[in-house]
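Peer 1: One file: my_file-v1.pdb (PDB, C-alpha atoms).
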```
ATOM      1  CA  GLN A   1     -27.847 103.431  40.247
ATOM      2  CA  VAL A   2     -28.387 104.630  36.699
ATOM      3  CA  GLN A   3     -31.454 103.938  34.596
ATOM      4  CA  LEU A   4     -31.307 103.979  30.785
ATOM      5  CA  VAL A   5     -34.196 104.016  28.330
ATOM      6  CA  GLU A   6     -33.533 103.698  24.603
ATOM      7  CA  SER A   7     -35.884 104.817  21.851
ATOM      8  CA  GLY A   8     -35.872 105.596  18.152
ATOM      9  CA  GLY A   9     -35.496 102.165  16.613
ATOM     10  CA  GLY A  10     -37.650 100.896  13.786
ATOM     11  CA  LEU A  11     -37.796  99.664  10.214
ATOM     12  CA  VAL A  12     -35.924 101.656   7.585
ATOM     13  CA  GLN A  13     -34.946 101.056   3.980
ATOM     14  CA  PRO A  14     -31.301 100.690   2.956
ATOM     15  CA  GLY A  15     -29.711 104.107   2.638
ATOM     16  CA  GLY A  16     -32.067 105.612   5.175
ATOM     17  CA  SER A  17     -31.416 107.220   8.560
ATOM     18  CA  LEU A  18     -32.474 106.771  12.162
ATOM     19  CA  ARG A  19     -31.575 108.545  15.379
ATOM     20  CA  LEU A  20     -31.468 106.505  18.560
ATOM     21  CA  SER A  21     -31.857 108.179  21.938
ATOM     22  CA  CYS A  22     -30.764 106.985  25.374
ATOM     23  CA  ALA A  23     -32.369 108.894  28.229
ATOM     24  CA  ALA A  24     -30.487 108.557  31.497
ATOM     25  CA  SER A  25     -31.573 109.129  35.083
ATOM     26  CA  GLY A  26     -30.128 108.497  38.524
ATOM     27  CA  ASN A  27     -26.502 108.917  39.535
ATOM     28  CA  ILE A  28     -25.303 109.951  36.078
ATOM     29  CA  PHE A  29     -22.479 112.051  37.507
ATOM     30  CA  SER A  30     -20.604 108.818  38.167
ATOM     31  CA  ILE A  31     -20.578 107.905  34.476
ATOM     32  CA  ASN A  32     -17.350 108.418  32.544
ATOM     33  CA  VAL A  33     -18.148 106.557  29.304
ATOM     34  CA  TRP A  34     -21.385 106.330  27.329
ATOM     35  CA  ALA A  35     -21.645 103.773  24.559
ATOM     36  CA  TRP A  36     -23.892 102.110  22.027
ATOM     37  CA  TYR A  37     -23.620  98.374  21.407
ATOM     38  CA  ARG A  38     -25.534  96.144  19.045
ATOM     39  CA  GLN A  39     -26.314  92.471  18.803
ATOM     40  CA  ALA A  40     -27.485  90.785  15.637
ATOM     41  CA  PRO A  41     -29.149  87.336  15.688
ATOM     42  CA  GLY A  42     -26.563  84.619  16.230
ATOM     43  CA  LYS A  43     -23.746  87.100  16.802
ATOM     44  CA  GLU A  44     -21.852  88.498  19.745
ATOM     45  CA  ARG A  45     -22.734  91.896  21.140
ATOM     46  CA  GLU A  46     -20.331  94.456  19.702
ATOM     47  CA  LEU A  47     -19.338  98.002  20.537
ATOM     48  CA  VAL A  48     -20.609 100.434  17.911
ATOM     49  CA  ALA A  49     -19.621 103.829  19.304
ATOM     50  CA  ALA A  50     -18.535 105.418  22.561
ATOM     51  CA  ILE A  51     -18.110 108.898  23.980
ATOM     52  CA  THR A  52     -16.213 109.828  27.117
ATOM     53  CA  SER A  53     -17.104 112.453  29.693
ATOM     54  CA  GLY A  54     -14.428 114.586  28.031
ATOM     55  CA  GLY A  55     -16.096 114.272  24.648
ATOM     56  CA  SER A  56     -13.683 111.876  22.945
ATOM     57  CA  THR A  57     -15.364 109.446  20.579
ATOM     58  CA  ASN A  58     -14.526 106.167  18.916
ATOM     59  CA  TYR A  59     -16.348 103.953  16.439
ATOM     60  CA  VAL A  60     -16.178 100.428  15.103
ATOM     61  CA  ASP A  61     -14.693 100.514  11.612
ATOM     62  CA  SER A  62     -17.894  99.329   9.931
ATOM     63  CA  VAL A  63     -19.818 102.469  10.960
ATOM     64  CA  LYS A  64     -17.140 105.156  10.636
ATOM     65  CA  GLY A  65     -18.357 108.001   8.469
ATOM     66  CA  ARG A  66     -21.984 106.882   8.784
ATOM     67  CA  PHE A  67     -22.798 106.960  12.517
ATOM     68  CA  THR A  68     -22.300 109.778  15.011
ATOM     69  CA  ILE A  69     -22.526 109.532  18.791
ATOM     70  CA  SER A  70     -23.300 112.668  20.780
ATOM     71  CA  ARG A  71     -24.516 113.848  24.181
ATOM     72  CA  ASP A  72     -26.931 116.517  25.359
ATOM     73  CA  ASN A  73     -25.968 117.122  28.984
ATOM     74  CA  ALA A  74     -28.947 119.395  29.601
ATOM     75  CA  LYS A  75     -31.308 116.579  28.609
ATOM     76  CA  ASN A  76     -29.226 113.742  30.101
ATOM     77  CA  THR A  77     -29.485 112.020  26.757
ATOM     78  CA  VAL A  78     -27.031 110.265  24.459
ATOM     79  CA  TYR A  79     -27.776 109.936  20.762
ATOM     80  CA  LEU A  80     -26.662 107.734  17.915
ATOM     81  CA  GLN A  81     -27.309 109.288  14.519
ATOM     82  CA  MET A  82     -27.222 106.536  11.907
ATOM     83  CA  ASN A  83     -27.030 107.461   8.223
ATOM     84  CA  SER A  84     -26.601 105.410   5.052
ATOM     85  CA  LEU A  85     -27.965 102.379   6.844
ATOM     86  CA  LYS A  86     -27.224  98.933   5.462
ATOM     87  CA  PRO A  87     -28.986  95.595   5.983
ATOM     88  CA  GLU A  88     -25.996  94.425   8.028
ATOM     89  CA  ASP A  89     -26.759  97.182  10.559
ATOM     90  CA  THR A  90     -29.874  95.236  11.560
ATOM     91  CA  ALA A  91     -29.625  94.417  15.258
ATOM     92  CA  ILE A  92     -30.871  95.251  18.709
ATOM     93  CA  TYR A  93     -29.061  98.381  19.829
ATOM     94  CA  TYR A  94     -28.227  98.848  23.495
ATOM     95  CA  CYS A  95     -27.095 101.892  25.428
ATOM     96  CA  LYS A  96     -24.446 101.406  28.098
ATOM     97  CA  ALA A  97     -23.273 103.738  30.834
ATOM     98  CA  GLN A  98     -19.934 102.922  32.455
ATOM     99  CA  SER A  99     -18.658 104.146  35.802
ATOM    100  CA  LEU A 100     -15.477 103.115  37.592
ATOM    101  CA  LEU A 101     -17.254 100.207  39.283
ATOM    102  CA  TYR A 102     -20.397  99.404  37.302
ATOM    103  CA  ASN A 103     -21.855  99.010  33.840
ATOM    104  CA  TYR A 104     -25.492  99.911  33.307
ATOM    105  CA  TRP A 105     -27.520  98.732  30.320
ATOM    106  CA  GLY A 106     -30.748  99.783  28.715
ATOM    107  CA  GLN A 107     -33.389  97.356  27.482
ATOM    108  CA  GLY A 108     -32.465  97.714  23.817
ATOM    109  CA  THR A 109     -34.232  98.975  20.724
ATOM    110  CA  GLN A 110     -34.646  97.042  17.479
ATOM    111  CA  VAL A 111     -33.260  98.458  14.248
ATOM    112  CA  THR A 112     -34.210  96.669  11.039
ATOM    113  CA  VAL A 113     -32.810  97.741   7.683
ATOM    114  CA  SER A 114     -34.714  96.120   4.858
ATOM    115  CA  SER A 115     -36.428  96.933   1.594
TER     116      SER A 115
END
```
Translate the structure of the given file into structure tokens.
Peer 2:
Amino acid sequence: QVQLVESGGGLVQPGGSLRLSCAASGNIFSINVWAWYRQAPGKERELVAAITSGGSTNYVDSVKGRFTISRDNAKNTVYLQMNSLKPEDTAIYYCKAQSLLYNYWGQGTQVTVSS
């Protein structure tokens, strides 16, 4: 089992920045992909960014150049640095940890971009 706890969401003005954190505990050695997803009201949940155990990253086109996913192995934490935020980035952001057999999800953290 893996437990995930997200934090760092909040209200920010357009153009601002936030850093989301996903603290992991449990059998994290089984995880080979860490990812951030988001779900806006009335929309499907979408992949925002992912990082593999080898450090490879990928991003949805709409956030490339603005968001950065990273890991701190010593702290068992995955981050999503979000810069130049836009109103369309408003959503609940979820952390996901993927092993060969299971997907683990956090509870989500709300990000609202509004003036």
Peer 1: Take the PyMOL selection byres ((chain A and resi 66-70) around 10), run it mentally on this structure, and tell me the resulting residues as number ranges by chain.
Peer 2: A: 17-21, 34-36, 48-52, 55-60, 62-65, 71-73, 77-85
Peer 1: Would you mind reading off the distance between CA of Gly8 in chain A and CA of Ala24 in chain A, one decimal, in Å?
Peer 2: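 Interatomic distance here is 14.7 Å.
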Peer 1: With distances taken over only C-alpha atoms, which residue among A:Asn76, A:Gln98, A:Gln110, A:Ser115 lies nearest Asn32 in chain A?
Peer 2: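 Checking each of A:Asn76, A:Gln98, A:Gln110, A:Ser115 against Asn32 in chain A, counting only C-alpha atoms, the winner is A:Gln98.
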Peer 1: Between CA of Val113 in chain A and CA of Leu11 in chain A, what is the spacing in Å?
Peer 2: 5.9 Å
Peer 1: Taking all atoms listed in the file into account, name the residue in A:Tyr104, A:Gly54, A:Ser30, A:Pro14 that is nearest to Thr90 in chain A.
Peer 2: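 So, comparing all the options, the nearest one is A:Pro14.
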Peer 1: Kindly complete range 67-92 of chain A to N, CA and C atoms; the output should be written as a PDB file, in the frame of the given file.
Peer 2:
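Saved as rebuild.pdb:
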```pdb
ATOM      1  N   PHE A  67     -22.145 106.784  11.218  1.00  0.00           N
ATOM      2  CA  PHE A  67     -22.798 106.960  12.517  1.00  0.00           C
ATOM      3  C   PHE A  67     -22.083 108.056  13.313  1.00  0.00           C
ATOM      4  N   THR A  68     -22.864 108.757  14.132  1.00  0.00           N
ATOM      5  CA  THR A  68     -22.300 109.778  15.011  1.00  0.00           C
ATOM      6  C   THR A  68     -22.913 109.655  16.393  1.00  0.00           C
ATOM      7  N   ILE A  69     -22.061 109.551  17.403  1.00  0.00           N
ATOM      8  CA  ILE A  69     -22.526 109.532  18.791  1.00  0.00           C
ATOM      9  C   ILE A  69     -22.368 110.932  19.373  1.00  0.00           C
ATOM     10  N   SER A  70     -23.352 111.346  20.172  1.00  0.00           N
ATOM     11  CA  SER A  70     -23.300 112.668  20.780  1.00  0.00           C
ATOM     12  C   SER A  70     -24.056 112.655  22.108  1.00  0.00           C
ATOM     13  N   ARG A  71     -23.837 113.707  22.896  1.00  0.00           N
ATOM     14  CA  ARG A  71     -24.516 113.848  24.181  1.00  0.00           C
ATOM     15  C   ARG A  71     -25.175 115.213  24.276  1.00  0.00           C
ATOM     16  N   ASP A  72     -26.296 115.265  24.967  1.00  0.00           N
ATOM     17  CA  ASP A  72     -26.931 116.517  25.359  1.00  0.00           C
ATOM     18  C   ASP A  72     -26.993 116.494  26.879  1.00  0.00           C
ATOM     19  N   ASN A  73     -26.049 117.169  27.517  1.00  0.00           N
ATOM     20  CA  ASN A  73     -25.968 117.122  28.984  1.00  0.00           C
ATOM     21  C   ASN A  73     -27.189 117.734  29.648  1.00  0.00           C
ATOM     22  N   ALA A  74     -27.769 118.738  29.027  1.00  0.00           N
ATOM     23  CA  ALA A  74     -28.947 119.395  29.601  1.00  0.00           C
ATOM     24  C   ALA A  74     -30.146 118.444  29.640  1.00  0.00           C
ATOM     25  N   LYS A  75     -30.192 117.530  28.682  1.00  0.00           N
ATOM     26  CA  LYS A  75     -31.308 116.579  28.609  1.00  0.00           C
ATOM     27  C   LYS A  75     -30.939 115.207  29.158  1.00  0.00           C
ATOM     28  N   ASN A  76     -29.691 115.051  29.608  1.00  0.00           N
ATOM     29  CA  ASN A  76     -29.226 113.742  30.101  1.00  0.00           C
ATOM     30  C   ASN A  76     -29.488 112.645  29.084  1.00  0.00           C
ATOM     31  N   THR A  77     -29.172 112.936  27.855  1.00  0.00           N
ATOM     32  CA  THR A  77     -29.485 112.020  26.757  1.00  0.00           C
ATOM     33  C   THR A  77     -28.267 111.844  25.852  1.00  0.00           C
ATOM     34  N   VAL A  78     -28.080 110.602  25.425  1.00  0.00           N
ATOM     35  CA  VAL A  78     -27.031 110.265  24.459  1.00  0.00           C
ATOM     36  C   VAL A  78     -27.719 109.819  23.178  1.00  0.00           C
ATOM     37  N   TYR A  79     -27.166 110.234  22.053  1.00  0.00           N
ATOM     38  CA  TYR A  79     -27.776 109.936  20.762  1.00  0.00           C
ATOM     39  C   TYR A  79     -26.838 109.109  19.894  1.00  0.00           C
ATOM     40  N   LEU A  80     -27.427 108.376  18.980  1.00  0.00           N
ATOM     41  CA  LEU A  80     -26.662 107.734  17.915  1.00  0.00           C
ATOM     42  C   LEU A  80     -27.374 108.054  16.599  1.00  0.00           C
ATOM     43  N   GLN A  81     -26.784 108.952  15.842  1.00  0.00           N
ATOM     44  CA  GLN A  81     -27.309 109.288  14.519  1.00  0.00           C
ATOM     45  C   GLN A  81     -26.751 108.281  13.526  1.00  0.00           C
ATOM     46  N   MET A  82     -27.625 107.588  12.836  1.00  0.00           N
ATOM     47  CA  MET A  82     -27.222 106.536  11.907  1.00  0.00           C
ATOM     48  C   MET A  82     -27.688 106.912  10.506  1.00  0.00           C
ATOM     49  N   ASN A  83     -26.743 107.115   9.619  1.00  0.00           N
ATOM     50  CA  ASN A  83     -27.030 107.461   8.223  1.00  0.00           C
ATOM     51  C   ASN A  83     -26.534 106.357   7.301  1.00  0.00           C
ATOM     52  N   SER A  84     -27.017 106.391   6.067  1.00  0.00           N
ATOM     53  CA  SER A  84     -26.601 105.410   5.052  1.00  0.00           C
ATOM     54  C   SER A  84     -26.687 103.989   5.596  1.00  0.00           C
ATOM     55  N   LEU A  85     -27.802 103.686   6.197  1.00  0.00           N
ATOM     56  CA  LEU A  85     -27.965 102.379   6.844  1.00  0.00           C
ATOM     57  C   LEU A  85     -27.928 101.247   5.832  1.00  0.00           C
ATOM     58  N   LYS A  86     -27.367 100.122   6.292  1.00  0.00           N
ATOM     59  CA  LYS A  86     -27.224  98.933   5.462  1.00  0.00           C
ATOM     60  C   LYS A  86     -27.949  97.763   6.134  1.00  0.00           C
ATOM     61  N   PRO A  87     -28.325  96.760   5.371  1.00  0.00           N
ATOM     62  CA  PRO A  87     -28.986  95.595   5.983  1.00  0.00           C
ATOM     63  C   PRO A  87     -28.153  94.974   7.105  1.00  0.00           C
ATOM     64  N   GLU A  88     -26.843  95.016   6.984  1.00  0.00           N
ATOM     65  CA  GLU A  88     -25.996  94.425   8.028  1.00  0.00           C
ATOM     66  C   GLU A  88     -25.975  95.244   9.315  1.00  0.00           C
ATOM     67  N   ASP A  89     -26.606  96.415   9.324  1.00  0.00           N
ATOM     68  CA  ASP A  89     -26.759  97.182  10.559  1.00  0.00           C
ATOM     69  C   ASP A  89     -27.950  96.688  11.386  1.00  0.00           C
ATOM     70  N   THR A  90     -28.723  95.779  10.830  1.00  0.00           N
ATOM     71  CA  THR A  90     -29.874  95.236  11.560  1.00  0.00           C
ATOM     72  C   THR A  90     -29.435  94.539  12.832  1.00  0.00           C
ATOM     73  N   ALA A  91     -30.009  94.962  13.948  1.00  0.00           N
ATOM     74  CA  ALA A  91     -29.625  94.417  15.258  1.00  0.00           C
ATOM     75  C   ALA A  91     -30.481  95.071  16.338  1.00  0.00           C
ATOM     76  N   ILE A  92     -30.363  94.544  17.532  1.00  0.00           N
ATOM     77  CA  ILE A  92     -30.871  95.251  18.709  1.00  0.00           C
ATOM     78  C   ILE A  92     -29.743  96.152  19.198  1.00  0.00           C
TER      79      ILE A  92
END
```
